[in-house]
Amino acid sequence: MIGTVLMETLRRSWKQMVYWGMGMAVLAFYPFLMMPSTPEGFEQYAEIGRSLPEGVLAMFGLNDVAIIGTPEGFIGYSFFGYILLVLAVYAVIAGLNVSAVDEDNGSMDMLLSLPLPRWHIITEKVLAYSLMSVGIALFAFIGFLFGAQIAGDKLNLSWERYLISTLSIVPGTIFMLAVTAFIGTLVRRRSNAAVLAGIFIFASYVLNVVGGMSNTAFAETMKGFSFFAYLNTSTALKEGVAIASALTLIGVSIALTVGAVALFERRDVSV
Amino acid sequence: MNAIIQTEALTKTYAGGRGKKPFTALSNVSLTVNEGEVMGFLGPNGAGKTTAIRMLLDFIRPTSGHAQIFGKDVREHSIEIHKRVGYLPGELNLWKNETSLNIVRYFMRVRGGGDMAYVRQLAERLEFDLNKRIREYSTGNKRKIGLIMALMNRPDMLILDEPTSGLDPLMQQVFNQLMHEFKAEGKTVFVSSHVLGEVQEICDRVAILRHGKLETVETIQNLTHVDFRWVTLTYKEPVTIADKLTALAGVSSLEVNGNVAKFRMNGDFNPLLEVATNQYVVNMHIKEPSLEEVFLAFYGDNGKEKSNKTIAQAKNSPVMEVVS
């Protein structure tokens with residue numbers, strides 16, 4: 001029946017979503033505790049930034065140092081600067097659960113002995129974990145809301161702005177989920193898929209950093225191959241979601257899911 | 001009689017890689033299982049039984065040949081077929097942190113409904129607790145939940161891969177009863193095993209597979225009426241006529257232990273009785289060969305090829321050794 005795998009995946013994994021979400025909420029809330037109370041304090045952070053080499057700043061995804069000299073930039077950068085790297089871990093775990101884990105431990109045989117098309121398993125699981133990545137982002141939004149209470153007048157942002165900003169982390173997470181799901185259907189074994197997904201994340205991160213350090217057109221093009229480049233790390237709170245970037249990531253994620261389905265439909269299931 | 005399972009030259013070859021040669025797990029297997037029949041699928045480990053079953057369920061695809069279940073191609077109509085089939089894999093792996101009840105409910109939802117009262121009835125007969133997590137079950141209990149899940153949707157056919165491995169003798173009896181009841185409803189069972197005694201009780205016919213090739217398909221009656229017996233003679237005094245017994249036509253595998261002589265006997269008993277009574281006989285015990293022994297007689301000793309022999313030849317061969 002349509003939706004059964006989706007609902008079962010949500011039933012089994014909602015606790016993990018809550019745990020990850022609580023972690024995200026803490027990470028979203030934490031920068032508010034660290035936020036300077038005076039404009040001079042912000043300027044001190046900017047000064048520290050300016051004293052660092054360009055390569056180091058690029059490594060931390062900070063292309064414009066001045067941005068951390070403002071409350072919005074400081075909070076935004078303190079959370080969005082690294083959050084996709086954290087969520088990539090969740091995405092890999094979830095992506096492995098799409099097919100590789102069941103195939104590796106043998107439970108896929110039982111699933112496939114049911115009147116259940118293979119494409120249902122892949123698409124419904126990808127959909128379920130995508131929904132859960134939205135759930136995790138919503139926890140981060142709650143963390144922001146609590147933080148905003150502490151910040152008081154220092155940040156003049158509406159709750160809609162916080163919501164849209166936190167949702168901007170979802171496309172990157174779904175993308176990494178789809179990449180891992182695709183790799184999982186390709187290589188079948190959980191451990192192999194995990195290693196390859198890890199390499200992919202590392203390579204993406206390096207491309208993003210190198211692309212940020214160099215001003216050449218080639219470097220900029222290479223940066224485009226990194227999914228990290230599609231999140232406005234330092235301006236997310238100010239500017240919200242970059243629609244084109246989000247649509248690109250979602251589009252590629254759909255293509256990868258279709259590819260995973262095609263692979264899984266055609267091949268033997270391992271013992 | 002309707003053919004429920006029909007395979008034609010079913011072949012599965014795995015490509016080699018990293019220095020490995022291509023490996024043919026199943027070669028040209030053509031087999032028919034009729035409606036209402038319990039068909040045993042026998043062979044030693046690695047014979048290709050599981051490969052064949054996985055192809056029937058469309059988990060893996062044949063390199064050549066094809067298979068039909070209920071008259072439908074297993075690849076093109078797998079979903080329709082799976083609606084009517086209950087399956088127990090050889091190695092049941094389920095989600096360790098889930099309870100059996102949760103998994104049963106999940107499978108029911110996927111199947112579009114189910115009869116929980118029937119599930120509980122099956123659990124009661126198999127003395128199985130549905131409320132435990134999978135990781136808490138012993139091997140035998142995992143077989144039980146597998147059987148429950150295979151039977152719970154009242155399928156038209158069962159495909160069971162080594163169903164009784166890990167079950168205690170009492171539960172094997174329950175399993176046999178379940179299979180008899182299933183068959184009484186006119187339903188079909190395809191059951192693989194490497195323990196022949198397990199299927200002897202329930203099967204109408206058996207297909208014997210070896211090295212991926214179908215050696216023979218025979219009725220249980222034909223297989224079990226092999227023309228040899230195990231004879232144990234207990235004498236009043238230590239056995240002194242061993243030479244005479246060995247010299248008899250049809251006697252083989254003689255073992256003498258004090259007052260007891262045990263051997264395998266082919267053919268008529270009269271010559272044996274004339275020689276055996278040269279000493280005072282306290283007791284004479286004659287035992288039918290087990291299906292294992294028939295199986296081994298068919299396969300030959302040390303796993304060497306005797307595949308070109310028919311069952312009939314195996315039945316009558318006086319020199320065939322049983323290796324146990």
# chains A, B, ... in the order shown; residues from 1 in each chain; ligands from 1
>>> interface_residues(of="chain A", to="chain B", cutoff="10 Å", atoms="only C-alpha atoms", output="PyMOL selection string")
chain A and resi 1-5+7-8+12+102+104-118+265-271
>>> residues_around(residues="segment 244-252 of chain B", least_positions_apart="3", cutoff="7 Å", atoms="only C-alpha atoms", output="CSV table (one decimal) with N, CA and C atoms, in the first residue's frame")
chain,number,residue,atom,x,y,z
B,241,ILE,N,31.5,-65.7,12.9
B,241,ILE,CA,31.2,-66.0,11.4
B,241,ILE,C,31.3,-64.7,10.6
B,263,PHE,N,25.4,-54.7,9.6
B,263,PHE,CA,25.8,-54.6,8.2
B,263,PHE,C,24.6,-54.2,7.4
B,264,ARG,N,24.9,-53.9,6.2
B,264,ARG,CA,23.9,-53.4,5.2
B,264,ARG,C,23.6,-54.6,4.3
B,265,MET,N,22.3,-54.8,4.0
B,265,MET,CA,21.9,-56.0,3.3
B,265,MET,C,21.1,-55.6,2.0
B,266,ASN,N,21.5,-56.1,0.9
B,266,ASN,CA,20.7,-55.9,-0.3
B,266,ASN,C,20.2,-57.3,-0.7
B,267,GLY,N,19.1,-57.4,-1.4
B,267,GLY,CA,18.6,-58.6,-1.9
B,267,GLY,C,17.8,-59.5,-0.9
B,275,VAL,N,23.3,-68.5,6.8
B,275,VAL,CA,24.7,-68.3,7.4
B,275,VAL,C,24.5,-67.8,8.8
B,318,PRO,N,24.7,-52.9,-5.2
B,318,PRO,CA,25.1,-53.5,-3.9
B,318,PRO,C,26.4,-53.0,-3.4
>>> residues_around(residues="segment 216-227 of chain A", least_positions_apart="6", cutoff="6 Å", atoms="only C-alpha atoms", output="PyMOL selection string")
chain A and resi 204+207-208
>>> residues_around(residues="Ser51 of chain A", least_positions_apart="5", cutoff="10 Å", atoms="only C-alpha atoms", output="JSON, numbers by chain")
{"A": [46, 57, 65]}
>>> atom_distance(atom1="atom CA of Glu215 of chain B", atom2="atom CA of Thr164 of chain B")
23.5 Å
>>> select_by_dssp(residues="segment 6-200 of chain B", states="alpha helix (DSSP H)", output="VMD selection string")
chain B and resid 49 to 56 78 to 83 100 to 110 116 to 125 139 to 151 169 to 184 196 to 200
>>> residues_around(residues="segment 84-101 of chain A", least_positions_apart="4", cutoff="9 Å", atoms="only C-alpha atoms", output="ChimeraX atom specification")
/A:20,24,80,105-108,121-126,129-130,133,169-170,172-185,187-191,193-194,197-198,201,205,228,231,264
>>> atom_distance(atom1="atom CA of Glu255 of chain B", atom2="atom CA of Leu273 of chain B")
17.5 Å
>>> select_by_dssp(residues="segment 78-146 of chain B", states="strand (DSSP E)", output="PyMOL selection string")
chain B and resi 85-88
>>> write_last_selection(atoms="all heavy atoms", output="PDB file, in the first residue's frame")
ATOM      1  N   VAL B  85       1.849 -15.411  -1.882  1.00  0.00           N
ATOM      2  CA  VAL B  85       2.922 -16.307  -1.431  1.00  0.00           C
ATOM      3  C   VAL B  85       3.378 -15.930  -0.022  1.00  0.00           C
ATOM      4  O   VAL B  85       3.537 -14.760   0.293  1.00  0.00           O
ATOM      5  CB  VAL B  85       4.119 -16.241  -2.407  1.00  0.00           C
ATOM      6  CG1 VAL B  85       5.322 -16.996  -1.859  1.00  0.00           C
ATOM      7  CG2 VAL B  85       3.726 -16.813  -3.766  1.00  0.00           C
ATOM      8  N   GLY B  86       3.593 -16.933   0.794  1.00  0.00           N
ATOM      9  CA  GLY B  86       4.230 -16.724   2.097  1.00  0.00           C
ATOM     10  C   GLY B  86       5.650 -17.234   2.005  1.00  0.00           C
ATOM     11  O   GLY B  86       5.896 -18.297   1.433  1.00  0.00           O
ATOM     12  N   TYR B  87       6.574 -16.470   2.559  1.00  0.00           N
ATOM     13  CA  TYR B  87       7.994 -16.811   2.393  1.00  0.00           C
ATOM     14  C   TYR B  87       8.729 -16.815   3.719  1.00  0.00           C
ATOM     15  O   TYR B  87       8.558 -15.916   4.541  1.00  0.00           O
ATOM     16  CB  TYR B  87       8.632 -15.787   1.430  1.00  0.00           C
ATOM     17  CG  TYR B  87      10.144 -15.818   1.379  1.00  0.00           C
ATOM     18  CD1 TYR B  87      10.829 -16.942   0.945  1.00  0.00           C
ATOM     19  CD2 TYR B  87      10.881 -14.694   1.754  1.00  0.00           C
ATOM     20  CE1 TYR B  87      12.217 -16.956   0.899  1.00  0.00           C
ATOM     21  CE2 TYR B  87      12.271 -14.701   1.698  1.00  0.00           C
ATOM     22  CZ  TYR B  87      12.932 -15.839   1.270  1.00  0.00           C
ATOM     23  OH  TYR B  87      14.297 -15.854   1.215  1.00  0.00           O
ATOM     24  N   LEU B  88       9.545 -17.825   3.886  1.00  0.00           N
ATOM     25  CA  LEU B  88      10.450 -17.866   5.043  1.00  0.00           C
ATOM     26  C   LEU B  88      11.865 -18.020   4.515  1.00  0.00           C
ATOM     27  O   LEU B  88      12.193 -19.041   3.889  1.00  0.00           O
ATOM     28  CB  LEU B  88      10.101 -19.053   5.953  1.00  0.00           C
ATOM     29  CG  LEU B  88      11.104 -19.315   7.082  1.00  0.00           C
ATOM     30  CD1 LEU B  88      11.077 -18.203   8.111  1.00  0.00           C
ATOM     31  CD2 LEU B  88      10.824 -20.649   7.747  1.00  0.00           C
TER      32      LEU B  88
END
>>> residues_around(residues="Leu214 of chain B", least_positions_apart="4", cutoff="8 Å", atoms="only C-alpha atoms", output="JSON, numbers by chain")
{"B": [27, 28, 29, 30, 207, 208, 209, 210]}
>>> write_last_selection(atoms="N, CA and C atoms", output="PDB file, in the first residue's frame")
ATOM      1  N   SER B  27      22.144 -24.158 -12.675  1.00  0.00           N
ATOM      2  CA  SER B  27      22.359 -24.417 -14.100  1.00  0.00           C
ATOM      3  C   SER B  27      21.196 -25.208 -14.691  1.00  0.00           C
ATOM      4  N   ASN B  28      20.486 -24.571 -15.607  1.00  0.00           N
ATOM      5  CA  ASN B  28      19.432 -25.246 -16.398  1.00  0.00           C
ATOM      6  C   ASN B  28      18.434 -26.031 -15.552  1.00  0.00           C
ATOM      7  N   VAL B  29      17.920 -25.415 -14.543  1.00  0.00           N
ATOM      8  CA  VAL B  29      16.969 -26.123 -13.681  1.00  0.00           C
ATOM      9  C   VAL B  29      15.555 -25.966 -14.244  1.00  0.00           C
ATOM     10  N   SER B  30      14.987 -27.090 -14.634  1.00  0.00           N
ATOM     11  CA  SER B  30      13.597 -27.109 -15.110  1.00  0.00           C
ATOM     12  C   SER B  30      12.798 -27.962 -14.146  1.00  0.00           C
ATOM     13  N   ALA B 207      12.821 -32.757  -5.092  1.00  0.00           N
ATOM     14  CA  ALA B 207      13.768 -32.472  -6.179  1.00  0.00           C
ATOM     15  C   ALA B 207      15.144 -32.405  -5.529  1.00  0.00           C
ATOM     16  N   ILE B 208      16.073 -33.120  -6.113  1.00  0.00           N
ATOM     17  CA  ILE B 208      17.417 -33.143  -5.522  1.00  0.00           C
ATOM     18  C   ILE B 208      18.373 -32.327  -6.389  1.00  0.00           C
ATOM     19  N   LEU B 209      18.994 -31.392  -5.730  1.00  0.00           N
ATOM     20  CA  LEU B 209      19.866 -30.445  -6.404  1.00  0.00           C
ATOM     21  C   LEU B 209      21.303 -30.674  -5.938  1.00  0.00           C
ATOM     22  N   ARG B 210      22.210 -30.579  -6.878  1.00  0.00           N
ATOM     23  CA  ARG B 210      23.614 -30.712  -6.492  1.00  0.00           C
ATOM     24  C   ARG B 210      24.478 -29.900  -7.436  1.00  0.00           C
TER      25      ARG B 210
END
>>> atom_distance(atom1="atom CA of Leu26 of chain B", atom2="atom CA of Ile159 of chain B")
17.7 Å
>>> residues_around(residues="segment 239-256 of chain A", least_positions_apart="4", cutoff="6 Å", atoms="only C-alpha atoms", output="number ranges by chain")
A: 164-165, 168, 171, 175, 178, 230, 235
>>> write_last_selection(atoms="C-alpha atoms", output="tab-separated table (two decimals), in the first residue's frame")
chain	number	residue	atom	x	y	z
A	164	ILE	CA	12.94	30.70	6.47
A	165	SER	CA	16.59	30.84	7.46
A	168	SER	CA	17.52	26.93	4.20
A	171	PRO	CA	17.92	21.32	0.73
A	175	PHE	CA	20.86	16.48	-1.17
A	178	ALA	CA	19.94	11.46	-1.78
A	230	TYR	CA	24.67	26.43	-1.92
A	235	THR	CA	24.04	35.85	5.33
